[in-house]
Number of protein chains: 2
Amino acid sequence: MDELVTGRRRTYGPRDVIVEDGSELQEIRLVISGLAARSKDLSDGSRQIMAFLVPGDLCDIEGFVLRAMDHRITAVSETTCALIPAAEIESLLIEFSSLTRALWWSTMTDSAVLRARIIDHGRRDARERIAHLFYEMLIRYRVVGRTTDHTFPFPVTQEELADATGMTPVHLGRILGELRDEGLLEWRRRVLTVHDPAGLKRVARFEADYLHLDRTEARDGNVAERAGDLI
Amino acid sequence: MDELVTGRRRTYGPRDVIVEDGSELQEIRLVISGLAARSKDLSDGSRQIMAFLVPGDLCDIEGFVLRAMDHRITAVSETTCALIPAAEIESLLIEFSSLTRALWWSTMTDSAVLRARIIDHGRRDARERIAHLFYEMLIRYRVVGRTTDHTFPFPVTQEELADATGMTPVHLGRILGELRDEGLLEWRRRVLTVHDPAGLKRVARFEADYLHLDRTEARDGNVAERAGDLI
DNA sequence: CGACGGCTTGAGGTAAGTCAATCCACGTGG
DNA sequence: CCACGTGGATTGACTTACCTCAAGCCGTCG
């Protein structure tokens with residue numbers, strides 16, 4: 001690794017954007033000094049910082065493996081990064097078998113989902129969190145071909161759902177009742193039925209980018225066909 | 001991938017533990033059917049589910065790469081997994097250069113930190129979250145050799161810190177004042193001084209396992225020397 | 001039939017949010 | 001060297017989202 005960081009460097013001032021949300025990358029950045037932050041700006045103007053990057057941390061391998069960044073990296077204080085050029089990385093990818101690449105890709109998307117969960121907990125209220133989780137699960141079940149409409153078995157208890165969304169079973173139950181009364185969904189007998197997907201997506205303030213469905217390197221290329229109406 | 005899943009399988013009933021927290025792994029599990037959850041049980045009896053695993057998701061590559069799991073995986077409904085034996089995976093690792101392995105390891109520890117953040121947000125209050133973040137940063141700065149005592153430059157604004165801990169700058173400021181008044185720490189002029197590391201660790205309910213410091217495959221093996229007193 | 005696990009409903013209580021004023025340190029220019 | 005402006009921190013009064021405890025309900029299974 002050391003030999004890679006001897007190359008080109010770049011220094012960013014406080015609040016400078018190091019890697020833009022949505023960008024496709026030609027190089028990987030390694031923090032040499034300073035402090036940077038992974039963050040996501042939400043539609044309502046709030047922001048969630050998901051991680052701080054200290055010297056020695058890599059900024060954007062996910063952008064490289066997944067093709068597009070699903071969040072932004074900014075300098076907090078003055079920060080200098082080593083730029084590891086595309087060529088160096090490409091040579092790495094060549095040594096990967098397709099299985100290795102699939103594993104790599106899978107862990108990256110897992111992290112992306114974790115980041116989404118952090119945003120949920122940090123900057124969304126109970127309604128939004130529940131809606132977001134349900135909508136995400138709907139898409140994921142669709143993508144793996146476990147359902148073709150807006151219904152799927154979701155065999156968790158309210159207590160488990162509360163543990164996932166970081167709230168009390170009691171409060172979860174209340175909000176669930178609201179969503180039901182509003183005709184958005186029904187969740188009875190361990191089966192979830194989404195009556196109004198568009199409405200659910202709206203209350204969740206859902207953005208699908210973090211699932212990286214467009215570039216699925218996995219076995220099926222027909223994601224659009226399976227979940228296109230939801231994204 | 002398909003050819004790997006033709007082998008041995010195992011089925012788990014609801015609430016069965018699929019992979020235990022802290023275990024070292026001999027095989028990787030792939031969810032074939034059912035629903036599983038990554039979760040962590042906290043000392044106060046509460047639990048945080050960090051992700052649901054649907055068919056096609058891998059359970060425990062992190063346990064394989066990082067050596068020990070930092071959380072637990074349980075079946076939610078009846079779940080069957082394909083067991084991919086160690087030998088298959090070892091053969092993968094052989095094709096990795098040490099650089100590839102370093103990258104791999106780095107993304108895995110990143111995910112672990114993300115999971116810690118989810119636990120923070122879901123199951124800890126403002127005090128605990130702030131304390132936890134500060135303590136984690138202290139350790140990370142120590143590990144990369146940026147400080148040797150309990151002081152380090154932490155040049156973020158209160159607003160940024162609030163965005164990271166998922167709260168309001170106002171509330172953050174109040175709690176910060178409490179921690180200061182209690183003599184735990186001081187954070188002035190962008191420099192953090194931890195007066196009482198043990199106390200801070202206690203209010204954070206900090207457990208170091210998720211940082212995977214024991215098995216650092218990175219360039220320095222002297223983590224214990226650098227941060228041993230904190231863990 | 002009763003028992004049990006899970007869901008629902010209700011009445012308070014508390015942590016954290018909102019809005020807004022004030023304060024303080026620092027930098028800049030007259 | 002002081003006046004001023006600015007970004008960030010602090011303080012206060014009030015509101016709200018969510019929690020706690022506790023009782024009641026309902027479907028399932030023995």
# chains A, B, ... in the order shown; residues from 1 in each chain; ligands from 1
>>> residues_around(residues="DG10 (chain C)", least_positions_apart="5", cutoff="12 Å", atoms="only C-alpha atoms (C1' of nucleotides)", output="PDB file with C-alpha atoms (C1' of nucleotides), in the first residue's frame")
ATOM      1  CA  VAL A 170     -45.785  -0.104  21.633  1.00  0.00           C
ATOM      2  CA  ARG A 174     -49.381   2.788  17.054  1.00  0.00           C
TER       3      ARG A 174
ATOM      4  C1'  DC D  21     -46.116   0.973  32.765  1.00  0.00           C
ATOM      5  C1'  DA D  22     -50.185  -1.334  32.803  1.00  0.00           C
ATOM      6  C1'  DA D  23     -54.565  -3.153  31.490  1.00  0.00           C
ATOM      7  C1'  DG D  24     -57.321  -5.345  28.063  1.00  0.00           C
TER       8       DG D  24
END
>>> interface_residues(of="chain D", to="chain A", cutoff="12 Å", atoms="only C-alpha atoms (C1' of nucleotides)", output="PDB file with all heavy atoms, in the first residue's frame")
ATOM      1  P    DT D  16     -46.708  21.177  19.519  1.00  0.00           P
ATOM      2  OP1  DT D  16     -47.053  21.550  18.134  1.00  0.00           O
ATOM      3  OP2  DT D  16     -47.735  20.960  20.561  1.00  0.00           O
ATOM      4  O5'  DT D  16     -45.818  19.866  19.450  1.00  0.00           O
ATOM      5  C5'  DT D  16     -44.635  19.891  18.681  1.00  0.00           C
ATOM      6  C4'  DT D  16     -43.923  18.568  18.815  1.00  0.00           C
ATOM      7  O4'  DT D  16     -43.280  18.460  20.110  1.00  0.00           O
ATOM      8  C3'  DT D  16     -44.850  17.354  18.725  1.00  0.00           C
ATOM      9  O3'  DT D  16     -44.170  16.423  17.926  1.00  0.00           O
ATOM     10  C2'  DT D  16     -44.963  16.858  20.157  1.00  0.00           C
ATOM     11  C1'  DT D  16     -43.567  17.211  20.672  1.00  0.00           C
ATOM     12  N1   DT D  16     -43.441  17.368  22.150  1.00  0.00           N
ATOM     13  C2   DT D  16     -42.315  16.898  22.775  1.00  0.00           C
ATOM     14  O2   DT D  16     -41.410  16.337  22.182  1.00  0.00           O
ATOM     15  N3   DT D  16     -42.276  17.094  24.134  1.00  0.00           N
ATOM     16  C4   DT D  16     -43.247  17.712  24.907  1.00  0.00           C
ATOM     17  O4   DT D  16     -43.094  17.830  26.107  1.00  0.00           O
ATOM     18  C5   DT D  16     -44.398  18.187  24.181  1.00  0.00           C
ATOM     19  C7   DT D  16     -45.494  18.859  24.920  1.00  0.00           C
ATOM     20  C6   DT D  16     -44.446  17.981  22.862  1.00  0.00           C
ATOM     21  P    DA D  17     -44.873  15.447  16.918  1.00  0.00           P
ATOM     22  OP1  DA D  17     -44.829  16.058  15.580  1.00  0.00           O
ATOM     23  OP2  DA D  17     -46.146  14.970  17.512  1.00  0.00           O
ATOM     24  O5'  DA D  17     -43.834  14.246  16.941  1.00  0.00           O
ATOM     25  C5'  DA D  17     -42.446  14.540  16.883  1.00  0.00           C
ATOM     26  C4'  DA D  17     -41.661  13.457  17.609  1.00  0.00           C
ATOM     27  O4'  DA D  17     -41.768  13.660  19.039  1.00  0.00           O
ATOM     28  C3'  DA D  17     -42.160  12.046  17.339  1.00  0.00           C
ATOM     29  O3'  DA D  17     -41.009  11.257  17.102  1.00  0.00           O
ATOM     30  C2'  DA D  17     -42.916  11.671  18.613  1.00  0.00           C
ATOM     31  C1'  DA D  17     -42.218  12.493  19.675  1.00  0.00           C
ATOM     32  N9   DA D  17     -43.073  12.957  20.776  1.00  0.00           N
ATOM     33  C8   DA D  17     -44.361  13.439  20.688  1.00  0.00           C
ATOM     34  N7   DA D  17     -44.867  13.818  21.842  1.00  0.00           N
ATOM     35  C5   DA D  17     -43.847  13.576  22.746  1.00  0.00           C
ATOM     36  C6   DA D  17     -43.759  13.757  24.142  1.00  0.00           C
ATOM     37  N6   DA D  17     -44.742  14.261  24.893  1.00  0.00           N
ATOM     38  N1   DA D  17     -42.608  13.408  24.749  1.00  0.00           N
ATOM     39  C2   DA D  17     -41.612  12.909  24.000  1.00  0.00           C
ATOM     40  N3   DA D  17     -41.577  12.690  22.679  1.00  0.00           N
ATOM     41  C4   DA D  17     -42.741  13.044  22.113  1.00  0.00           C
ATOM     42  P    DC D  18     -41.119   9.754  16.617  1.00  0.00           P
ATOM     43  OP1  DC D  18     -39.966   9.546  15.731  1.00  0.00           O
ATOM     44  OP2  DC D  18     -42.497   9.504  16.159  1.00  0.00           O
ATOM     45  O5'  DC D  18     -40.870   8.924  17.942  1.00  0.00           O
ATOM     46  C5'  DC D  18     -39.696   9.202  18.727  1.00  0.00           C
ATOM     47  C4'  DC D  18     -39.920   8.711  20.138  1.00  0.00           C
ATOM     48  O4'  DC D  18     -40.916   9.520  20.796  1.00  0.00           O
ATOM     49  C3'  DC D  18     -40.423   7.276  20.258  1.00  0.00           C
ATOM     50  O3'  DC D  18     -39.369   6.490  20.792  1.00  0.00           O
ATOM     51  C2'  DC D  18     -41.646   7.372  21.164  1.00  0.00           C
ATOM     52  C1'  DC D  18     -41.435   8.731  21.834  1.00  0.00           C
ATOM     53  N1   DC D  18     -42.682   9.362  22.357  1.00  0.00           N
ATOM     54  C2   DC D  18     -42.749   9.750  23.692  1.00  0.00           C
ATOM     55  O2   DC D  18     -41.768   9.578  24.432  1.00  0.00           O
ATOM     56  N3   DC D  18     -43.891  10.310  24.168  1.00  0.00           N
ATOM     57  C4   DC D  18     -44.938  10.488  23.356  1.00  0.00           C
ATOM     58  N4   DC D  18     -46.036  11.044  23.881  1.00  0.00           N
ATOM     59  C5   DC D  18     -44.896  10.104  21.985  1.00  0.00           C
ATOM     60  C6   DC D  18     -43.760   9.550  21.520  1.00  0.00           C
ATOM     61  P    DC D  19     -39.602   5.014  21.387  1.00  0.00           P
ATOM     62  OP1  DC D  19     -38.346   4.256  21.232  1.00  0.00           O
ATOM     63  OP2  DC D  19     -40.866   4.500  20.828  1.00  0.00           O
ATOM     64  O5'  DC D  19     -39.807   5.295  22.946  1.00  0.00           O
ATOM     65  C5'  DC D  19     -38.789   6.007  23.652  1.00  0.00           C
ATOM     66  C4'  DC D  19     -39.041   5.940  25.151  1.00  0.00           C
ATOM     67  O4'  DC D  19     -40.232   6.711  25.454  1.00  0.00           O
ATOM     68  C3'  DC D  19     -39.286   4.532  25.682  1.00  0.00           C
ATOM     69  O3'  DC D  19     -38.560   4.380  26.897  1.00  0.00           O
ATOM     70  C2'  DC D  19     -40.793   4.471  25.894  1.00  0.00           C
ATOM     71  C1'  DC D  19     -41.135   5.917  26.195  1.00  0.00           C
ATOM     72  N1   DC D  19     -42.507   6.323  25.760  1.00  0.00           N
ATOM     73  C2   DC D  19     -43.390   6.870  26.699  1.00  0.00           C
ATOM     74  O2   DC D  19     -43.032   6.992  27.878  1.00  0.00           O
ATOM     75  N3   DC D  19     -44.629   7.254  26.292  1.00  0.00           N
ATOM     76  C4   DC D  19     -44.985   7.119  25.016  1.00  0.00           C
ATOM     77  N4   DC D  19     -46.213   7.526  24.663  1.00  0.00           N
ATOM     78  C5   DC D  19     -44.099   6.572  24.039  1.00  0.00           C
ATOM     79  C6   DC D  19     -42.886   6.182  24.454  1.00  0.00           C
ATOM     80  P    DT D  20     -38.487   2.962  27.647  1.00  0.00           P
ATOM     81  OP1  DT D  20     -37.178   2.905  28.326  1.00  0.00           O
ATOM     82  OP2  DT D  20     -38.885   1.919  26.686  1.00  0.00           O
ATOM     83  O5'  DT D  20     -39.632   3.046  28.746  1.00  0.00           O
ATOM     84  C5'  DT D  20     -39.656   4.139  29.644  1.00  0.00           C
ATOM     85  C4'  DT D  20     -40.766   3.937  30.655  1.00  0.00           C
ATOM     86  O4'  DT D  20     -42.014   4.429  30.120  1.00  0.00           O
ATOM     87  C3'  DT D  20     -41.004   2.476  31.051  1.00  0.00           C
ATOM     88  O3'  DT D  20     -40.998   2.398  32.455  1.00  0.00           O
ATOM     89  C2'  DT D  20     -42.373   2.139  30.458  1.00  0.00           C
ATOM     90  C1'  DT D  20     -43.040   3.505  30.357  1.00  0.00           C
ATOM     91  N1   DT D  20     -43.988   3.677  29.224  1.00  0.00           N
ATOM     92  C2   DT D  20     -45.211   4.292  29.442  1.00  0.00           C
ATOM     93  O2   DT D  20     -45.562   4.691  30.530  1.00  0.00           O
ATOM     94  N3   DT D  20     -45.998   4.425  28.322  1.00  0.00           N
ATOM     95  C4   DT D  20     -45.702   4.000  27.034  1.00  0.00           C
ATOM     96  O4   DT D  20     -46.492   4.177  26.120  1.00  0.00           O
ATOM     97  C5   DT D  20     -44.418   3.365  26.890  1.00  0.00           C
ATOM     98  C7   DT D  20     -43.988   2.876  25.536  1.00  0.00           C
ATOM     99  C6   DT D  20     -43.633   3.234  27.967  1.00  0.00           C
ATOM    100  P    DC D  21     -40.948   0.989  33.222  1.00  0.00           P
ATOM    101  OP1  DC D  21     -40.093   1.202  34.412  1.00  0.00           O
ATOM    102  OP2  DC D  21     -40.625  -0.088  32.255  1.00  0.00           O
ATOM    103  O5'  DC D  21     -42.446   0.839  33.694  1.00  0.00           O
ATOM    104  C5'  DC D  21     -43.103   1.981  34.253  1.00  0.00           C
ATOM    105  C4'  DC D  21     -44.584   1.715  34.338  1.00  0.00           C
ATOM    106  O4'  DC D  21     -45.210   2.009  33.064  1.00  0.00           O
ATOM    107  C3'  DC D  21     -44.958   0.267  34.670  1.00  0.00           C
ATOM    108  O3'  DC D  21     -45.980   0.322  35.654  1.00  0.00           O
ATOM    109  C2'  DC D  21     -45.458  -0.283  33.345  1.00  0.00           C
ATOM    110  C1'  DC D  21     -46.116   0.973  32.765  1.00  0.00           C
ATOM    111  N1   DC D  21     -46.347   0.973  31.308  1.00  0.00           N
ATOM    112  C2   DC D  21     -47.454   1.681  30.808  1.00  0.00           C
ATOM    113  O2   DC D  21     -48.196   2.268  31.597  1.00  0.00           O
ATOM    114  N3   DC D  21     -47.681   1.690  29.477  1.00  0.00           N
ATOM    115  C4   DC D  21     -46.857   1.039  28.664  1.00  0.00           C
ATOM    116  N4   DC D  21     -47.119   1.083  27.353  1.00  0.00           N
ATOM    117  C5   DC D  21     -45.724   0.312  29.149  1.00  0.00           C
ATOM    118  C6   DC D  21     -45.506   0.305  30.476  1.00  0.00           C
ATOM    119  P    DG D  27     -59.741 -12.339  16.707  1.00  0.00           P
ATOM    120  OP1  DG D  27     -59.991 -11.590  15.464  1.00  0.00           O
ATOM    121  OP2  DG D  27     -60.866 -12.953  17.463  1.00  0.00           O
ATOM    122  O5'  DG D  27     -58.689 -13.485  16.394  1.00  0.00           O
ATOM    123  C5'  DG D  27     -57.454 -13.125  15.770  1.00  0.00           C
ATOM    124  C4'  DG D  27     -56.438 -14.229  15.979  1.00  0.00           C
ATOM    125  O4'  DG D  27     -56.150 -14.363  17.395  1.00  0.00           O
ATOM    126  C3'  DG D  27     -56.898 -15.593  15.480  1.00  0.00           C
ATOM    127  O3'  DG D  27     -55.804 -16.154  14.769  1.00  0.00           O
ATOM    128  C2'  DG D  27     -57.214 -16.373  16.770  1.00  0.00           C
ATOM    129  C1'  DG D  27     -56.289 -15.714  17.792  1.00  0.00           C
ATOM    130  N9   DG D  27     -56.765 -15.660  19.181  1.00  0.00           N
ATOM    131  C8   DG D  27     -58.020 -15.292  19.610  1.00  0.00           C
ATOM    132  N7   DG D  27     -58.137 -15.293  20.916  1.00  0.00           N
ATOM    133  C5   DG D  27     -56.879 -15.698  21.370  1.00  0.00           C
ATOM    134  C6   DG D  27     -56.410 -15.891  22.689  1.00  0.00           C
ATOM    135  O6   DG D  27     -56.995 -15.728  23.756  1.00  0.00           O
ATOM    136  N1   DG D  27     -55.072 -16.315  22.698  1.00  0.00           N
ATOM    137  C2   DG D  27     -54.308 -16.513  21.585  1.00  0.00           C
ATOM    138  N2   DG D  27     -53.057 -16.917  21.782  1.00  0.00           N
ATOM    139  N3   DG D  27     -54.732 -16.340  20.342  1.00  0.00           N
ATOM    140  C4   DG D  27     -56.026 -15.931  20.306  1.00  0.00           C
ATOM    141  P    DT D  28     -55.884 -17.564  14.079  1.00  0.00           P
ATOM    142  OP1  DT D  28     -55.144 -17.440  12.805  1.00  0.00           O
ATOM    143  OP2  DT D  28     -57.296 -18.003  14.095  1.00  0.00           O
ATOM    144  O5'  DT D  28     -55.034 -18.474  15.054  1.00  0.00           O
ATOM    145  C5'  DT D  28     -53.766 -17.995  15.517  1.00  0.00           C
ATOM    146  C4'  DT D  28     -53.127 -19.043  16.412  1.00  0.00           C
ATOM    147  O4'  DT D  28     -53.599 -18.879  17.776  1.00  0.00           O
ATOM    148  C3'  DT D  28     -53.438 -20.487  16.012  1.00  0.00           C
ATOM    149  O3'  DT D  28     -52.237 -21.230  16.060  1.00  0.00           O
ATOM    150  C2'  DT D  28     -54.465 -20.945  17.043  1.00  0.00           C
ATOM    151  C1'  DT D  28     -54.072 -20.115  18.268  1.00  0.00           C
ATOM    152  N1   DT D  28     -55.163 -19.785  19.230  1.00  0.00           N
ATOM    153  C2   DT D  28     -54.893 -19.812  20.574  1.00  0.00           C
ATOM    154  O2   DT D  28     -53.801 -20.103  21.028  1.00  0.00           O
ATOM    155  N3   DT D  28     -55.953 -19.484  21.384  1.00  0.00           N
ATOM    156  C4   DT D  28     -57.235 -19.142  20.988  1.00  0.00           C
ATOM    157  O4   DT D  28     -58.101 -18.861  21.811  1.00  0.00           O
ATOM    158  C5   DT D  28     -57.458 -19.128  19.555  1.00  0.00           C
ATOM    159  C7   DT D  28     -58.807 -18.782  19.008  1.00  0.00           C
ATOM    160  C6   DT D  28     -56.422 -19.456  18.754  1.00  0.00           C
TER     161       DT D  28
END
>>> select_by_dssp(residues="region 2-198 of chain A", states="helix (DSSP H, G or I)", output="MDAnalysis selection string")
chainID A and resid 2:6 61:66 86:95 98:123 126:143 158:165 169:181 197:198
>>> atom_distance(atom1="CA of Thr11 (chain A)", atom2="CA of Thr79 (chain A)")
5.6 Å
>>> closest_atom_pairs(of="chain C", to="chain A", cutoff="9 Å", atoms="only C-alpha atoms (C1' of nucleotides)", output="JSON lines")
{"residue": "C:DG6", "atom": "C1'", "partner": "A:Thr157", "partner_atom": "CA", "distance": 7.7}
{"residue": "C:DC7", "atom": "C1'", "partner": "A:Gly173", "partner_atom": "CA", "distance": 7.6}
{"residue": "C:DT8", "atom": "C1'", "partner": "A:Gly173", "partner_atom": "CA", "distance": 7.6}
>>> closest_residue(among="A:Ile32, A:Ile73, A:Ala164, A:Leu138", to="chain B", atoms="only C-alpha atoms")
A:Ala164
>>> interface_residues(of="chain A", to="chain B", cutoff="7 Å", atoms="only C-alpha atoms", output="PyMOL selection string")
chain A and resi 1+47-50+76-77+99+111+114-115+117-118+121-123+155-156+163-164+166
>>> write_last_selection(atoms="N, CA, C and O atoms", output="PDB file, in the first residue's frame")
ATOM      1  N   MET A   1       0.833  -1.209   0.000  1.00  0.00           N
ATOM      2  CA  MET A   1       0.000   0.000   0.000  1.00  0.00           C
ATOM      3  C   MET A   1       0.863   1.252   0.000  1.00  0.00           C
ATOM      4  O   MET A   1       0.594   2.215  -0.710  1.00  0.00           O
ATOM      5  N   ARG A  47     -28.928  16.749   7.235  1.00  0.00           N
ATOM      6  CA  ARG A  47     -27.772  15.987   6.789  1.00  0.00           C
ATOM      7  C   ARG A  47     -27.446  14.924   7.818  1.00  0.00           C
ATOM      8  O   ARG A  47     -27.644  15.119   9.010  1.00  0.00           O
ATOM      9  N   GLN A  48     -26.942  13.800   7.361  1.00  0.00           N
ATOM     10  CA  GLN A  48     -26.474  12.786   8.287  1.00  0.00           C
ATOM     11  C   GLN A  48     -25.040  12.431   7.942  1.00  0.00           C
ATOM     12  O   GLN A  48     -24.744  12.071   6.806  1.00  0.00           O
ATOM     13  N   ILE A  49     -24.166  12.549   8.918  1.00  0.00           N
ATOM     14  CA  ILE A  49     -22.788  12.095   8.743  1.00  0.00           C
ATOM     15  C   ILE A  49     -22.735  10.645   9.203  1.00  0.00           C
ATOM     16  O   ILE A  49     -23.146  10.333  10.319  1.00  0.00           O
ATOM     17  N   MET A  50     -22.267   9.761   8.332  1.00  0.00           N
ATOM     18  CA  MET A  50     -22.300   8.339   8.663  1.00  0.00           C
ATOM     19  C   MET A  50     -20.977   7.833   9.208  1.00  0.00           C
ATOM     20  O   MET A  50     -20.932   6.819   9.888  1.00  0.00           O
ATOM     21  N   VAL A  76     -13.544  17.967   6.538  1.00  0.00           N
ATOM     22  CA  VAL A  76     -14.024  18.671   7.721  1.00  0.00           C
ATOM     23  C   VAL A  76     -13.019  19.755   8.073  1.00  0.00           C
ATOM     24  O   VAL A  76     -13.343  20.929   8.151  1.00  0.00           O
ATOM     25  N   SER A  77     -11.780  19.356   8.289  1.00  0.00           N
ATOM     26  CA  SER A  77     -10.696  20.324   8.392  1.00  0.00           C
ATOM     27  C   SER A  77      -9.871  20.192   7.110  1.00  0.00           C
ATOM     28  O   SER A  77     -10.233  19.444   6.217  1.00  0.00           O
ATOM     29  N   LEU A  99     -16.213 -14.817  -9.021  1.00  0.00           N
ATOM     30  CA  LEU A  99     -16.767 -15.127  -7.705  1.00  0.00           C
ATOM     31  C   LEU A  99     -16.271 -14.117  -6.679  1.00  0.00           C
ATOM     32  O   LEU A  99     -17.041 -13.570  -5.888  1.00  0.00           O
ATOM     33  N   SER A 111     -22.933  -2.705   2.995  1.00  0.00           N
ATOM     34  CA  SER A 111     -22.555  -1.467   3.675  1.00  0.00           C
ATOM     35  C   SER A 111     -23.482  -0.339   3.286  1.00  0.00           C
ATOM     36  O   SER A 111     -23.844   0.504   4.114  1.00  0.00           O
ATOM     37  N   LEU A 114     -26.489  -0.537   5.259  1.00  0.00           N
ATOM     38  CA  LEU A 114     -26.212  -0.100   6.625  1.00  0.00           C
ATOM     39  C   LEU A 114     -26.223   1.427   6.712  1.00  0.00           C
ATOM     40  O   LEU A 114     -26.766   2.002   7.645  1.00  0.00           O
ATOM     41  N   ARG A 115     -25.630   2.061   5.716  1.00  0.00           N
ATOM     42  CA  ARG A 115     -25.624   3.527   5.726  1.00  0.00           C
ATOM     43  C   ARG A 115     -27.037   4.080   5.641  1.00  0.00           C
ATOM     44  O   ARG A 115     -27.382   5.051   6.324  1.00  0.00           O
ATOM     45  N   ARG A 117     -29.609   2.721   6.805  1.00  0.00           N
ATOM     46  CA  ARG A 117     -30.223   2.537   8.119  1.00  0.00           C
ATOM     47  C   ARG A 117     -29.777   3.633   9.081  1.00  0.00           C
ATOM     48  O   ARG A 117     -30.542   4.092   9.922  1.00  0.00           O
ATOM     49  N   ILE A 118     -28.522   4.049   8.976  1.00  0.00           N
ATOM     50  CA  ILE A 118     -28.032   5.126   9.841  1.00  0.00           C
ATOM     51  C   ILE A 118     -28.778   6.417   9.553  1.00  0.00           C
ATOM     52  O   ILE A 118     -29.178   7.141  10.458  1.00  0.00           O
ATOM     53  N   HIS A 121     -32.212   6.220  11.117  1.00  0.00           N
ATOM     54  CA  HIS A 121     -32.258   6.397  12.560  1.00  0.00           C
ATOM     55  C   HIS A 121     -31.906   7.804  12.974  1.00  0.00           C
ATOM     56  O   HIS A 121     -32.448   8.321  13.940  1.00  0.00           O
ATOM     57  N   GLY A 122     -30.977   8.408  12.228  1.00  0.00           N
ATOM     58  CA  GLY A 122     -30.511   9.710  12.650  1.00  0.00           C
ATOM     59  C   GLY A 122     -31.413  10.848  12.230  1.00  0.00           C
ATOM     60  O   GLY A 122     -31.573  11.829  12.955  1.00  0.00           O
ATOM     61  N   ARG A 123     -32.027  10.701  11.077  1.00  0.00           N
ATOM     62  CA  ARG A 123     -32.718  11.863  10.519  1.00  0.00           C
ATOM     63  C   ARG A 123     -34.146  11.619  10.073  1.00  0.00           C
ATOM     64  O   ARG A 123     -34.731  12.453   9.393  1.00  0.00           O
ATOM     65  N   PRO A 155     -42.391 -12.417   7.972  1.00  0.00           N
ATOM     66  CA  PRO A 155     -42.763 -13.133   9.203  1.00  0.00           C
ATOM     67  C   PRO A 155     -42.035 -12.672  10.452  1.00  0.00           C
ATOM     68  O   PRO A 155     -41.502 -13.471  11.186  1.00  0.00           O
ATOM     69  N   VAL A 156     -42.015 -11.374  10.720  1.00  0.00           N
ATOM     70  CA  VAL A 156     -41.391 -10.891  11.950  1.00  0.00           C
ATOM     71  C   VAL A 156     -42.462 -10.472  12.941  1.00  0.00           C
ATOM     72  O   VAL A 156     -43.588 -10.177  12.562  1.00  0.00           O
ATOM     73  N   ASP A 163     -37.088  -3.683  17.190  1.00  0.00           N
ATOM     74  CA  ASP A 163     -35.641  -3.772  17.384  1.00  0.00           C
ATOM     75  C   ASP A 163     -34.892  -3.328  16.138  1.00  0.00           C
ATOM     76  O   ASP A 163     -33.780  -2.827  16.204  1.00  0.00           O
ATOM     77  N   ALA A 164     -35.503  -3.548  14.987  1.00  0.00           N
ATOM     78  CA  ALA A 164     -34.850  -3.156  13.738  1.00  0.00           C
ATOM     79  C   ALA A 164     -34.956  -1.659  13.498  1.00  0.00           C
ATOM     80  O   ALA A 164     -34.030  -1.035  12.989  1.00  0.00           O
ATOM     81  N   GLY A 166     -35.402   0.571  15.827  1.00  0.00           N
ATOM     82  CA  GLY A 166     -34.914   1.333  16.968  1.00  0.00           C
ATOM     83  C   GLY A 166     -35.993   2.050  17.738  1.00  0.00           C
ATOM     84  O   GLY A 166     -35.837   3.201  18.114  1.00  0.00           O
TER      85      GLY A 166
END
>>> residues_around(residues="Ile84 (chain B)", least_positions_apart="6", cutoff="7 Å", atoms="only C-alpha atoms (C1' of nucleotides)", output="list in words")
Leu4, Val5, Glu27, Ile28 and Arg29 of chain B
>>> residues_around(residues="region 20-27 of chain C", least_positions_apart="3", cutoff="10 Å", atoms="only C-alpha atoms (C1' of nucleotides)", output="list of chain:residue names")
B:Arg189, D:DG5, D:DT6, D:DG7, D:DG8, D:DA9, D:DT10, D:DT11, D:DG12, D:DA13
>>> residues_around(residues="Thr109 (chain A)", least_positions_apart="5", cutoff="8 Å", atoms="only C-alpha atoms (C1' of nucleotides)", output="PyMOL selection string")
chain A and resi 66+210-212
>>> atom_distance(atom1="CA of Asp21 (chain A)", atom2="CA of Leu213 (chain A)")
16.3 Å
>>> select_by_dssp(residues="region 60-203 of chain B", states="strand (DSSP E)", output="MDAnalysis selection string")
chainID B and resid 72:75 79:85 151:153 185:188 191:194
>>> atom_distance(atom1="C1' of DG17 (chain C)", atom2="CA of Leu42 (chain A)")
18.0 Å
>>> residues_around(residues="Asp196 (chain B)", least_positions_apart="4", cutoff="7 Å", atoms="only C-alpha atoms (C1' of nucleotides)", output="list in words")
Leu184, Leu185 and Leu200 of chain B
>>> residues_around(residues="DC1 (chain D)", least_positions_apart="2", cutoff="12 Å", atoms="only C-alpha atoms (C1' of nucleotides)", output="list in words")
DG29 and DG30 of chain C; DA3 of chain D
>>> write_last_selection(atoms="C-alpha atoms (C1' of nucleotides)", output="CSV table (one decimal), in the first residue's frame")
chain,number,residue,atom,x,y,z
C,29,DG,C1',-10.8,47.2,8.3
C,30,DG,C1',-10.9,52.1,9.7
D,3,DA,C1',-15.5,49.1,16.3
